[in-house]
Amino acid sequence: MKESAKKVEAITAMDQDFSQWYTDVVLKAELIDYSAVKGCMILRPYGYAIWENIQSSLDRRFKECGHENVAMPLFIPESLLQKEKDHVAGFAPEVAWVTQGGQETLSERLCIRPTSETLFCDHYSHVIQSWRDLPKLYNQWVSVVRWEKTTRPFLRSTEFYWQEGHTAHATADEAVAETLQMLDIYAAFYRDVLAIPVIKGKKTESEKFAGAVDTYTVEAMMHDGKALQSATSHYFGDGFARAFDIQFADQNNQLQYVHQTSWGLSTRSVGAIIMVHGDDNGLVLPPRVAPVQVMIIPIAAHKPGVIEAAETLRTELSQSYRVKIDSSDKMPGWKFSEYEMKGVPLRLELGPRDLEKNQCLAVRRDTGEKIALSLDTLTQSVSALLDDIHENLLNKAQERMDSRISSAADWDSFVRLVAEKPGFIRALWCGDPACEQTVKDETGATSRCIPFDQQPAEGLCICCQKKAKHMVIWGKAY
């Protein structure tokens with residue numbers, strides 16, 4: 001047990017240093033390793049398995065809505081990037097450039113994609129001619145590069161993995177409906193798979209995506225009260241279509257510009273899982289995304305029949321769940337600590353005494369509760385427990401978020417809340433970007449979104465005391 005105690009002690013306590021706790025968890029749980037390239041992370045098998053489960057779940061949802069996967073090039077010619085001025089201006093500080101190929105200096109610089117709007121637009125200009133070609137519902141799973149000054153695994157890295165959907169539609173109404181549908185899919189995914197509640201809303205003009213007409217977001221609250229922009233969905237109108245000349249002949253044979261959207265979710269979602277559900281012992285993984293949902297630990301494995309019984313359990317449960325068995329010669333206490341750190345939702349312990357009683361001992365990662373389960377109805381019991389773990393994690397996260405949403409009626413109370421009570425603050429805003437910037441400069445808080453569940457904006461702006469236009473969710477963010 002000495003070894004397992006040391007392993008737990010290696011994780012800094014959350015309330016001592018949340019940032020260090022986070023770093024300890026991603027390294028000790030073997031999610032990532034640092035690479036030789038500054039700001040880039042190596043996704044280790046356990047970390048990548050979480051991302052694979054995220055991919056699988058989301059990809060199924062996308063395809064149910066008619067989206068198809070494609071693959072665009074890694075490089076974007078500078079002339080292509082320059083076609084949409086607002087877009088290139090928004091990304092210019094983060095762009096990495098290729099200027100040489102082999103021994104030759106390139107005649108035109110190539111951007112390593114920070115996002116792929118321009119590539120999709122160029123493609124759409126070639127393949128869309130008629131209303132019969134619409135809608136185009138495309139998505140890709142790729143990595144992108146943004147030259148960040150400050151990096152942190154999963155949350156902000158120079159290269160990261162994501163999906164980016166890009167669609168083209170005949171009308172503005174269809175494109176707006178697509179934009180909001182995808183936002184709903186993200187919100188449901190966070191709730192139903194990651195057990196993370198989110199606030200849906202619209203970004204302000206200052207915070208919207210470069211080149212978008214409107215940007216919508218789902219915002220989650222981390223354990224320390226900070227916000228994490230967890231996924232975004234953008235309505236582009238016909239701005240990109242005009243820049244790239246994406247036209248189609250409508251049913252009256254009149255030329256029209258398409259209306260476009262884009263939407264994305266990244267490996268930042270793994271960071272959200274860690275910071276919403278984790279504790280001082282490490283990861284706490286929601287069952288529906290955990291690489292291993294059930295870990296079987298044979299106790300006194302050398303005794304007759306124990307290993308065989310454990311293998312029988314694994315075979316039975318593997319029909320429905322991601323199950324592993326640890327029959328190594330490590331001490332049981334070490335194993336308990338290891339899989340607790342890795343956030344395995346359910347641990348099943350099986351020894352000679354359990355076999356005599358035709359049962360095994362289940363241990364929940366979320367509560368630590370120990371429950372004796374009959375081997376005759378094990379699959380049903382495990383199913384109920386995993387569902388209950390998901391609901392418990394979701395409810396805890398919802399309660400924590402609700403308890404940390406405050407309201408400020410004046411500037412002094414707003415400043416005090418930002419300084420003393422980490423979380424979200426509801427406060428009125430006049431709509432002037434100058435006031436938004438003042439809030440950021442003076443307090444460090446930013447506008448997270450104008451929430452859909454909008455309260456009446458009756459009153460005065462928190463900053464300038466002029467008539468308010470919106471109730472806004474504010475907070476410090478990652």
# chains A, B, ... in the order shown; residues from 1 in each chain; ligands from 1
call {"tool": "residues_around", "arguments": {"residues": "stretch 184-187 of chain A", "least_positions_apart": "4", "cutoff": "7 Å", "atoms": "only C-alpha atoms", "output": "PDB file with N, CA and C atoms, in the first residue's frame"}}
result
ATOM      1  N   LEU A 180     -28.074  26.325 -35.777  1.00  0.00           N
ATOM      2  CA  LEU A 180     -28.676  26.098 -34.464  1.00  0.00           C
ATOM      3  C   LEU A 180     -28.857  24.612 -34.173  1.00  0.00           C
ATOM      4  N   ARG A 191     -24.137  16.968 -22.478  1.00  0.00           N
ATOM      5  CA  ARG A 191     -25.010  16.509 -21.400  1.00  0.00           C
ATOM      6  C   ARG A 191     -25.109  14.982 -21.363  1.00  0.00           C
ATOM      7  N   VAL A 198     -24.171  22.720 -20.019  1.00  0.00           N
ATOM      8  CA  VAL A 198     -23.629  23.894 -20.708  1.00  0.00           C
ATOM      9  C   VAL A 198     -24.699  24.973 -20.801  1.00  0.00           C
ATOM     10  N   VAL A 218     -21.532  26.941 -26.807  1.00  0.00           N
ATOM     11  CA  VAL A 218     -21.918  26.269 -25.565  1.00  0.00           C
ATOM     12  C   VAL A 218     -20.773  26.492 -24.581  1.00  0.00           C
ATOM     13  N   ALA A 231     -17.721  24.398 -27.554  1.00  0.00           N
ATOM     14  CA  ALA A 231     -17.968  24.138 -28.983  1.00  0.00           C
ATOM     15  C   ALA A 231     -18.630  25.378 -29.538  1.00  0.00           C
TER      16      ALA A 231
END
call {"tool": "select_by_dssp", "arguments": {"residues": "stretch 93-337 of chain A", "states": "alpha helix (DSSP H)", "output": "PyMOL selection string"}}
result
chain A and resi 117-127+172-192+239-244+268-277+306-317+332-337
call {"tool": "closest_residue", "arguments": {"among": "A:Phe75, A:Trp131, A:Tyr48, A:Tyr22", "to": "A:Leu255", "atoms": "only C-alpha atoms"}}
result
A:Trp131
call {"tool": "select_by_dssp", "arguments": {"residues": "stretch 291-406 of chain A", "states": "strand (DSSP E)", "output": "ChimeraX atom specification"}}
result
/A:294-298,323-325,346-350,359-364,370-374,405-406
call {"tool": "residues_around", "arguments": {"residues": "stretch 12-16 of chain A", "least_positions_apart": "5", "cutoff": "8 Å", "atoms": "only C-alpha atoms", "output": "ChimeraX atom specification"}}
result
/A:21,24,279-280
call {"tool": "write_last_selection", "arguments": {"atoms": "C-alpha atoms", "output": "compact mmCIF listing (two decimals), in the first residue's frame"}}
result
# COMPACT_ATOMS: atom_id res chain seq x y z
CA TRP A 21 -3.49 19.63 -10.15
CA ASP A 24 -0.45 16.35 -12.59
CA ASP A 279 -10.94 15.12 -7.91
CA ASP A 280 -7.83 14.98 -5.74
call {"tool": "residues_around", "arguments": {"residues": "A:Thr151", "least_positions_apart": "3", "cutoff": "12 Å", "atoms": "only C-alpha atoms", "output": "PyMOL selection string"}}
result
chain A and resi 23+34+37-41+146-148+154-160+268+478
call {"tool": "atom_distance", "arguments": {"atom1": "atom CA of A:Thr204", "atom2": "atom CA of A:Pro93"}}
result
20.9 Å
call {"tool": "residues_around", "arguments": {"residues": "A:Gln465", "least_positions_apart": "5", "cutoff": "12 Å", "atoms": "only C-alpha atoms", "output": "PyMOL selection string"}}
result
chain A and resi 409-411+427-432+435+458-460
call {"tool": "residues_around", "arguments": {"residues": "stretch 169-178 of chain A", "least_positions_apart": "5", "cutoff": "7 Å", "atoms": "only C-alpha atoms", "output": "VMD selection string"}}
result
chain A and resid 131 134 to 136 235 237 258 to 261
call {"tool": "write_last_selection", "arguments": {"atoms": "N, CA and C atoms", "output": "short mmCIF file (atom, residue, chain, number, x, y, z; two decimals), in the first residue's frame"}}
result
data_model
loop_
_atom_site.label_atom_id
_atom_site.label_comp_id
_atom_site.auth_asym_id
_atom_site.auth_seq_id
_atom_site.Cartn_x
_atom_site.Cartn_y
_atom_site.Cartn_z
N TRP A 131 -29.13 24.20 -57.88
CA TRP A 131 -29.85 23.97 -56.62
C TRP A 131 -29.90 22.49 -56.28
N LEU A 134 -27.35 21.13 -53.73
CA LEU A 134 -27.44 21.60 -52.35
C LEU A 134 -28.47 20.80 -51.56
N PRO A 135 -28.31 20.73 -50.24
CA PRO A 135 -27.20 21.30 -49.47
C PRO A 135 -25.96 20.42 -49.55
N LYS A 136 -24.82 21.03 -49.28
CA LYS A 136 -23.57 20.29 -49.09
C LYS A 136 -23.33 20.23 -47.58
N TYR A 235 -22.83 31.02 -38.31
CA TYR A 235 -23.60 31.30 -39.52
C TYR A 235 -22.83 32.35 -40.30
N GLY A 237 -23.76 33.55 -43.48
CA GLY A 237 -24.49 34.27 -44.51
C GLY A 237 -23.91 33.94 -45.88
N VAL A 258 -24.66 30.92 -52.34
CA VAL A 258 -25.02 29.99 -51.26
C VAL A 258 -24.89 30.69 -49.91
N HIS A 259 -25.53 30.10 -48.91
CA HIS A 259 -25.39 30.55 -47.52
C HIS A 259 -24.70 29.42 -46.75
N GLN A 260 -23.72 29.79 -45.92
CA GLN A 260 -22.84 28.78 -45.34
C GLN A 260 -22.82 28.79 -43.81
N THR A 261 -22.35 27.65 -43.29
CA THR A 261 -22.13 27.51 -41.84
C THR A 261 -20.79 26.81 -41.62
#
call {"tool": "residues_around", "arguments": {"residues": "A:Thr377", "least_positions_apart": "2", "cutoff": "12 Å", "atoms": "only C-alpha atoms", "output": "number ranges by chain"}}
result
A: 313, 316-317, 358-360, 372-375, 379-384
call {"tool": "closest_residue", "arguments": {"among": "A:Lys440, A:Lys357, A:His234, A:Arg347", "to": "A:Thr215", "atoms": "only C-alpha atoms"}}
result
A:His234
call {"tool": "closest_residue", "arguments": {"among": "A:Ala434, A:Val323, A:Val270, A:Cys461", "to": "A:Phe414", "atoms": "only C-alpha atoms"}}
result
A:Cys461
call {"tool": "closest_residue", "arguments": {"among": "A:Val294, A:Ile128, A:Ala227, A:Ala29", "to": "A:Leu385", "atoms": "only C-alpha atoms"}}
result
A:Val294
call {"tool": "decode", "arguments": {"residues": "stretch 425-477 of chain A", "atoms": "C-alpha atoms", "output": "mmCIF file, in the first residue's frame"}}
result
data_model
loop_
_atom_site.group_PDB
_atom_site.id
_atom_site.type_symbol
_atom_site.label_atom_id
_atom_site.label_comp_id
_atom_site.auth_asym_id
_atom_site.auth_seq_id
_atom_site.Cartn_x
_atom_site.Cartn_y
_atom_site.Cartn_z
ATOM 1 C CA ILE A 425 -22.139 36.503 -13.522
ATOM 2 C CA ARG A 426 -25.381 37.669 -15.090
ATOM 3 C CA ALA A 427 -25.180 41.389 -15.769
ATOM 4 C CA LEU A 428 -26.760 43.866 -18.165
ATOM 5 C CA TRP A 429 -24.869 45.326 -21.136
ATOM 6 C CA CYS A 430 -25.658 48.199 -23.489
ATOM 7 C CA GLY A 431 -24.177 46.489 -26.563
ATOM 8 C CA ASP A 432 -21.205 48.860 -26.891
ATOM 9 C CA PRO A 433 -17.910 46.976 -27.492
ATOM 10 C CA ALA A 434 -16.102 49.708 -25.534
ATOM 11 C CA CYS A 435 -17.955 48.700 -22.367
ATOM 12 C CA GLU A 436 -17.193 45.054 -23.064
ATOM 13 C CA GLN A 437 -13.496 45.942 -23.357
ATOM 14 C CA THR A 438 -13.607 47.967 -20.149
ATOM 15 C CA VAL A 439 -14.997 44.977 -18.261
ATOM 16 C CA LYS A 440 -12.177 42.829 -19.611
ATOM 17 C CA ASP A 441 -9.457 45.396 -18.870
ATOM 18 C CA GLU A 442 -10.689 46.220 -15.371
ATOM 19 C CA THR A 443 -11.707 42.777 -14.100
ATOM 20 C CA GLY A 444 -10.272 40.102 -16.409
ATOM 21 C CA ALA A 445 -13.789 38.789 -17.090
ATOM 22 C CA THR A 446 -15.089 38.447 -20.639
ATOM 23 C CA SER A 447 -18.533 38.105 -22.171
ATOM 24 C CA ARG A 448 -19.137 34.384 -22.495
ATOM 25 C CA CYS A 449 -22.456 34.628 -24.353
ATOM 26 C CA ILE A 450 -25.842 36.264 -24.629
ATOM 27 C CA PRO A 451 -27.796 33.261 -23.318
ATOM 28 C CA PHE A 452 -30.821 31.877 -25.128
ATOM 29 C CA ASP A 453 -32.731 31.795 -21.849
ATOM 30 C CA GLN A 454 -32.565 35.582 -21.966
ATOM 31 C CA GLN A 455 -33.920 37.451 -18.967
ATOM 32 C CA PRO A 456 -35.584 40.811 -19.684
ATOM 33 C CA ALA A 457 -32.851 43.400 -20.252
ATOM 34 C CA GLU A 458 -34.640 46.060 -18.202
ATOM 35 C CA GLY A 459 -32.157 48.324 -16.508
ATOM 36 C CA LEU A 460 -28.784 49.917 -17.060
ATOM 37 C CA CYS A 461 -25.484 48.669 -18.471
ATOM 38 C CA ILE A 462 -23.165 47.356 -15.775
ATOM 39 C CA CYS A 463 -20.376 49.544 -17.128
ATOM 40 C CA CYS A 464 -21.651 52.832 -18.570
ATOM 41 C CA GLN A 465 -25.100 53.036 -16.899
ATOM 42 C CA LYS A 466 -26.837 53.594 -20.239
ATOM 43 C CA LYS A 467 -29.959 51.658 -21.220
ATOM 44 C CA ALA A 468 -29.160 47.953 -21.494
ATOM 45 C CA LYS A 469 -29.837 45.807 -24.575
ATOM 46 C CA HIS A 470 -28.863 42.356 -23.319
ATOM 47 C CA MET A 471 -28.441 40.257 -20.231
ATOM 48 C CA VAL A 472 -24.990 38.698 -20.653
ATOM 49 C CA ILE A 473 -23.149 35.827 -18.995
ATOM 50 C CA TRP A 474 -19.678 37.055 -17.956
ATOM 51 C CA GLY A 475 -16.770 35.161 -16.446
ATOM 52 C CA LYS A 476 -13.079 34.449 -16.486
ATOM 53 C CA ALA A 477 -12.165 31.773 -18.996
#
